[in-house]
file target_30.pdb (PDB, C-alpha atoms)
ATOM      1  CA  MET A  16      61.519 227.577  66.071  1.00  0.00           C
ATOM      2  CA  LYS A  17      59.287 227.174  69.135  1.00  0.00           C
ATOM      3  CA  LEU A  18      57.078 230.014  67.910  1.00  0.00           C
ATOM      4  CA  VAL A  19      56.638 228.333  64.515  1.00  0.00           C
ATOM      5  CA  VAL A  20      55.664 225.012  66.151  1.00  0.00           C
ATOM      6  CA  LEU A  21      53.250 226.744  68.544  1.00  0.00           C
ATOM      7  CA  THR A  22      51.661 228.692  65.695  1.00  0.00           C
ATOM      8  CA  ALA A  23      51.250 225.495  63.649  1.00  0.00           C
ATOM      9  CA  LEU A  24      49.660 223.692  66.596  1.00  0.00           C
ATOM     10  CA  LEU A  25      47.210 226.530  67.209  1.00  0.00           C
ATOM     11  CA  ALA A  26      46.251 226.646  63.528  1.00  0.00           C
ATOM     12  CA  ALA A  27      45.699 222.882  63.464  1.00  0.00           C
ATOM     13  CA  SER A  28      43.636 223.068  66.649  1.00  0.00           C
ATOM     14  CA  SER A  29      41.429 225.800  65.145  1.00  0.00           C
ATOM     15  CA  LEU A  30      40.930 223.718  62.000  1.00  0.00           C
ATOM     16  CA  VAL A  31      39.920 220.646  64.017  1.00  0.00           C
ATOM     17  CA  GLN A  32      37.564 222.774  66.118  1.00  0.00           C
ATOM     18  CA  ALA A  33      35.965 224.278  62.980  1.00  0.00           C
ATOM     19  CA  THR A  34      35.473 220.802  61.508  1.00  0.00           C
ATOM     20  CA  GLU A  35      33.889 219.541  64.743  1.00  0.00           C
ATOM     21  CA  CYS A  36      31.589 222.572  64.865  1.00  0.00           C
ATOM     22  CA  GLU A  37      30.481 221.884  61.285  1.00  0.00           C
ATOM     23  CA  LYS A  38      29.738 218.240  62.144  1.00  0.00           C
ATOM     24  CA  LEU A  39      27.807 219.201  65.260  1.00  0.00           C
ATOM     25  CA  ALA A  40      25.826 221.861  63.374  1.00  0.00           C
ATOM     26  CA  GLN A  41      24.835 219.279  60.755  1.00  0.00           C
ATOM     27  CA  PHE A  42      23.850 216.740  63.428  1.00  0.00           C
ATOM     28  CA  ALA A  43      21.763 219.340  65.304  1.00  0.00           C
ATOM     29  CA  ASP A  44      20.086 220.397  62.060  1.00  0.00           C
ATOM     30  CA  GLU A  45      19.164 216.793  61.248  1.00  0.00           C
ATOM     31  CA  THR A  46      17.985 215.777  64.722  1.00  0.00           C
ATOM     32  CA  GLY A  47      16.818 218.986  66.413  1.00  0.00           C
ATOM     33  CA  GLY A  48      13.179 219.916  66.825  1.00  0.00           C
ATOM     34  CA  GLN A  49      11.711 222.491  64.455  1.00  0.00           C
ATOM     35  CA  ILE A  50       9.775 225.363  66.024  1.00  0.00           C
ATOM     36  CA  ILE A  51       6.526 225.685  64.080  1.00  0.00           C
ATOM     37  CA  PRO A  52       4.893 228.115  64.030  1.00  0.00           C
ATOM     38  CA  ARG A  53       7.933 230.306  64.356  1.00  0.00           C
ATOM     39  CA  ALA A  54       8.214 231.958  67.751  1.00  0.00           C
ATOM     40  CA  THR A  55       9.736 235.217  68.833  1.00  0.00           C
ATOM     41  CA  PHE A  56      11.815 235.500  71.979  1.00  0.00           C
ATOM     42  CA  LYS A  57      13.320 238.380  73.919  1.00  0.00           C
ATOM     43  CA  VAL A  58      16.905 238.128  75.082  1.00  0.00           C
ATOM     44  CA  THR A  59      17.112 238.161  78.889  1.00  0.00           C
ATOM     45  CA  GLY A  60      19.843 238.181  81.495  1.00  0.00           C
ATOM     46  CA  GLU A  61      22.838 240.435  81.546  1.00  0.00           C
ATOM     47  CA  GLY A  62      25.532 241.118  79.006  1.00  0.00           C
ATOM     48  CA  ARG A  63      26.041 239.878  75.502  1.00  0.00           C
ATOM     49  CA  LEU A  64      24.455 236.668  74.231  1.00  0.00           C
ATOM     50  CA  TYR A  65      26.847 235.334  71.608  1.00  0.00           C
ATOM     51  CA  PHE A  66      25.825 233.434  68.498  1.00  0.00           C
ATOM     52  CA  HIS A  67      27.469 230.058  67.883  1.00  0.00           C
ATOM     53  CA  SER A  68      27.982 228.202  64.597  1.00  0.00           C
ATOM     54  CA  ALA A  69      26.894 224.987  66.338  1.00  0.00           C
ATOM     55  CA  PRO A  70      25.203 224.258  69.680  1.00  0.00           C
ATOM     56  CA  SER A  71      28.410 224.204  71.729  1.00  0.00           C
ATOM     57  CA  ASN A  72      30.363 226.776  73.729  1.00  0.00           C
ATOM     58  CA  GLU A  73      33.399 225.767  71.661  1.00  0.00           C
ATOM     59  CA  CYS A  74      31.790 227.169  68.493  1.00  0.00           C
ATOM     60  CA  ARG A  75      31.295 230.804  69.535  1.00  0.00           C
ATOM     61  CA  ALA A  76      31.059 233.451  66.823  1.00  0.00           C
ATOM     62  CA  LYS A  77      31.857 237.146  67.174  1.00  0.00           C
ATOM     63  CA  GLU A  78      28.248 238.287  66.651  1.00  0.00           C
ATOM     64  CA  PHE A  79      25.937 238.801  69.616  1.00  0.00           C
ATOM     65  CA  VAL A  80      22.614 240.216  70.782  1.00  0.00           C
ATOM     66  CA  ILE A  81      21.895 242.071  74.000  1.00  0.00           C
ATOM     67  CA  PRO A  82      19.073 241.975  76.561  1.00  0.00           C
ATOM     68  CA  LYS A  83      15.697 243.135  75.195  1.00  0.00           C
ATOM     69  CA  ASP A  84      16.663 242.321  71.580  1.00  0.00           C
ATOM     70  CA  GLU A  85      14.047 240.178  69.870  1.00  0.00           C
ATOM     71  CA  VAL A  86      14.909 237.062  67.859  1.00  0.00           C
ATOM     72  CA  VAL A  87      12.942 234.555  65.805  1.00  0.00           C
ATOM     73  CA  ALA A  88      13.461 230.911  66.784  1.00  0.00           C
ATOM     74  CA  TYR A  89      13.666 228.149  64.191  1.00  0.00           C
ATOM     75  CA  GLN A  90      14.996 225.057  65.923  1.00  0.00           C
ATOM     76  CA  GLU A  91      15.853 223.587  69.320  1.00  0.00           C
ATOM     77  CA  PHE A  92      18.620 221.159  70.196  1.00  0.00           C
ATOM     78  CA  ARG A  93      19.249 220.208  73.816  1.00  0.00           C
ATOM     79  CA  THR A  94      19.848 223.485  75.693  1.00  0.00           C
ATOM     80  CA  TRP A  95      20.299 225.564  72.532  1.00  0.00           C
ATOM     81  CA  THR A  96      17.982 227.398  70.128  1.00  0.00           C
ATOM     82  CA  TYR A  97      18.751 228.363  66.527  1.00  0.00           C
ATOM     83  CA  VAL A  98      17.612 231.954  66.033  1.00  0.00           C
ATOM     84  CA  MET A  99      17.718 234.839  63.606  1.00  0.00           C
ATOM     85  CA  TYR A 100      18.111 238.475  64.633  1.00  0.00           C
ATOM     86  CA  LEU A 101      17.121 241.269  62.260  1.00  0.00           C
ATOM     87  CA  HIS A 102      18.846 244.545  63.135  1.00  0.00           C
ATOM     88  CA  PRO A 103      16.104 247.214  63.246  1.00  0.00           C
ATOM     89  CA  LYS A 104      18.253 250.011  61.791  1.00  0.00           C
ATOM     90  CA  THR A 105      20.466 248.278  59.221  1.00  0.00           C
ATOM     91  CA  GLY A 106      18.153 245.412  58.220  1.00  0.00           C
ATOM     92  CA  GLN A 107      21.124 243.040  58.506  1.00  0.00           C
ATOM     93  CA  ASP A 108      20.209 239.572  59.719  1.00  0.00           C
ATOM     94  CA  THR A 109      22.362 237.310  61.869  1.00  0.00           C
ATOM     95  CA  SER A 110      21.615 233.649  62.551  1.00  0.00           C
ATOM     96  CA  GLY A 111      23.103 231.077  64.851  1.00  0.00           C
ATOM     97  CA  TRP A 112      22.746 228.997  67.974  1.00  0.00           C
ATOM     98  CA  VAL A 113      22.229 230.688  71.345  1.00  0.00           C
ATOM     99  CA  GLN A 114      21.702 229.368  74.854  1.00  0.00           C
ATOM    100  CA  THR A 115      17.981 228.806  75.390  1.00  0.00           C
ATOM    101  CA  SER A 116      18.182 229.820  79.059  1.00  0.00           C
ATOM    102  CA  ARG A 117      18.711 233.452  77.953  1.00  0.00           C
ATOM    103  CA  LEU A 118      15.443 233.595  75.963  1.00  0.00           C
ATOM    104  CA  THR A 119      11.899 234.424  77.066  1.00  0.00           C
ATOM    105  CA  TYR A 120       8.911 233.606  74.869  1.00  0.00           C
ATOM    106  CA  ALA A 121       7.352 236.740  73.334  1.00  0.00           C
ATOM    107  CA  GLY A 122       4.782 235.304  70.883  1.00  0.00           C
ATOM    108  CA  THR A 123       4.366 233.625  67.506  1.00  0.00           C
ATOM    109  CA  ALA A 124       5.798 234.912  64.268  1.00  0.00           C
ATOM    110  CA  SER A 125       4.123 232.677  61.704  1.00  0.00           C
ATOM    111  CA  ALA A 126       4.654 235.216  58.880  1.00  0.00           C
ATOM    112  CA  ILE A 127       8.446 234.720  59.180  1.00  0.00           C
ATOM    113  CA  PRO A 128       9.802 232.006  56.804  1.00  0.00           C
TER     114      PRO A 128
END

call {"tool": "encode", "arguments": {"input": "target_30.pdb", "output": "structure tokens"}}
result
Amino acid sequence: MKLVVLTALLAASSLVQATECEKLAQFADETGGQIIPRATFKVTGEGRLYFHSAPSNECRAKEFVIPKDEVVAYQEFRTWTYVMYLHPKTGQDTSGWVQTSRLTYAGTASAIP
């Protein structure tokens, strides 16, 4: 019985967290500053830099980039930047919020939409 209650509480907590992340992502999208022309940044620091669905540590996704990877920045919100990473081998793109402090400006990318 205790396991069932604990499982239900964890599921409810995850649902609330997902809803809050969605609200925060929408707010950041509406109020954040657009980066125009688009800029490229190199990932700095050590270890993985995780993507987030919203600009909050509570909204971490499983995807990440590593130091020296290059990303294209689209928007800034407080201490976060919305970026897109294009994997050089697979061509797969990943987008999300990352901590701005882990990025170093590398140049403009005005040809990127």

call {"tool": "closest_residue", "arguments": {"input": "target_30.pdb", "among": "A:Ile81, A:Leu118, A:Ala124, A:Leu39", "to": "Glu61 (chain A)", "atoms": "all atoms listed in the file"}}
result
A:Ile81

call {"tool": "atom_distance", "arguments": {"input": "target_30.pdb", "atom1": "CA of Arg53 (chain A)", "atom2": "CA of Gln90 (chain A)"}}
result
8.9 Å

call {"tool": "residues_around", "arguments": {"input": "target_30.pdb", "residues": "region 74-77 of chain A", "least_positions_apart": "6", "cutoff": "7 Å", "atoms": "all atoms listed in the file", "output": "number ranges by chain"}}
result
A: 36, 65-68

call {"tool": "atom_distance", "arguments": {"input": "target_30.pdb", "atom1": "CA of Ile51 (chain A)", "atom2": "CA of Ala33 (chain A)"}}
result
29.5 Å

call {"tool": "resolve_selection", "arguments": {"input": "target_30.pdb", "expression": "the PyMOL selection byres ((chain A and resi 70) around 9)", "output": "ChimeraX atom specification"}}
result
/A:36,39-40,43,67-69,71-75,92-97,111-114

call {"tool": "residues_around", "arguments": {"input": "target_30.pdb", "residues": "Gly122 (chain A)", "least_positions_apart": "5", "cutoff": "12 Å", "atoms": "all atoms listed in the file", "output": "MDAnalysis selection string"}}
result
chainID A and resid 51:57 85:88

call {"tool": "residues_near_point", "arguments": {"input": "target_30.pdb", "point": "(17.5, 237.9, 74.6)", "cutoff": "6 Å", "atoms": "all atoms listed in the file", "output": "PDB file with C-alpha atoms, in the coordinates of the input"}}
result
ATOM      1  CA  LYS A  57      13.320 238.380  73.919  1.00  0.00           C
ATOM      2  CA  VAL A  58      16.905 238.128  75.082  1.00  0.00           C
ATOM      3  CA  THR A  59      17.112 238.161  78.889  1.00  0.00           C
ATOM      4  CA  PRO A  82      19.073 241.975  76.561  1.00  0.00           C
ATOM      5  CA  LYS A  83      15.697 243.135  75.195  1.00  0.00           C
ATOM      6  CA  ASP A  84      16.663 242.321  71.580  1.00  0.00           C
ATOM      7  CA  ARG A 117      18.711 233.452  77.953  1.00  0.00           C
ATOM      8  CA  LEU A 118      15.443 233.595  75.963  1.00  0.00           C
TER       9      LEU A 118
END

call {"tool": "atom_distance", "arguments": {"input": "target_30.pdb", "atom1": "CA of Tyr89 (chain A)", "atom2": "CA of Ile50 (chain A)"}}
result
5.1 Å

call {"tool": "axis_aligned_box", "arguments": {"input": "target_30.pdb", "around": "region 36-46 of chain A", "padding_each_side": "3 Å", "output": "JSON"}}
result
{"center_x": 24.8, "center_y": 219.2, "center_z": 63.0, "size_x": 19.6, "size_y": 12.8, "size_z": 10.5}
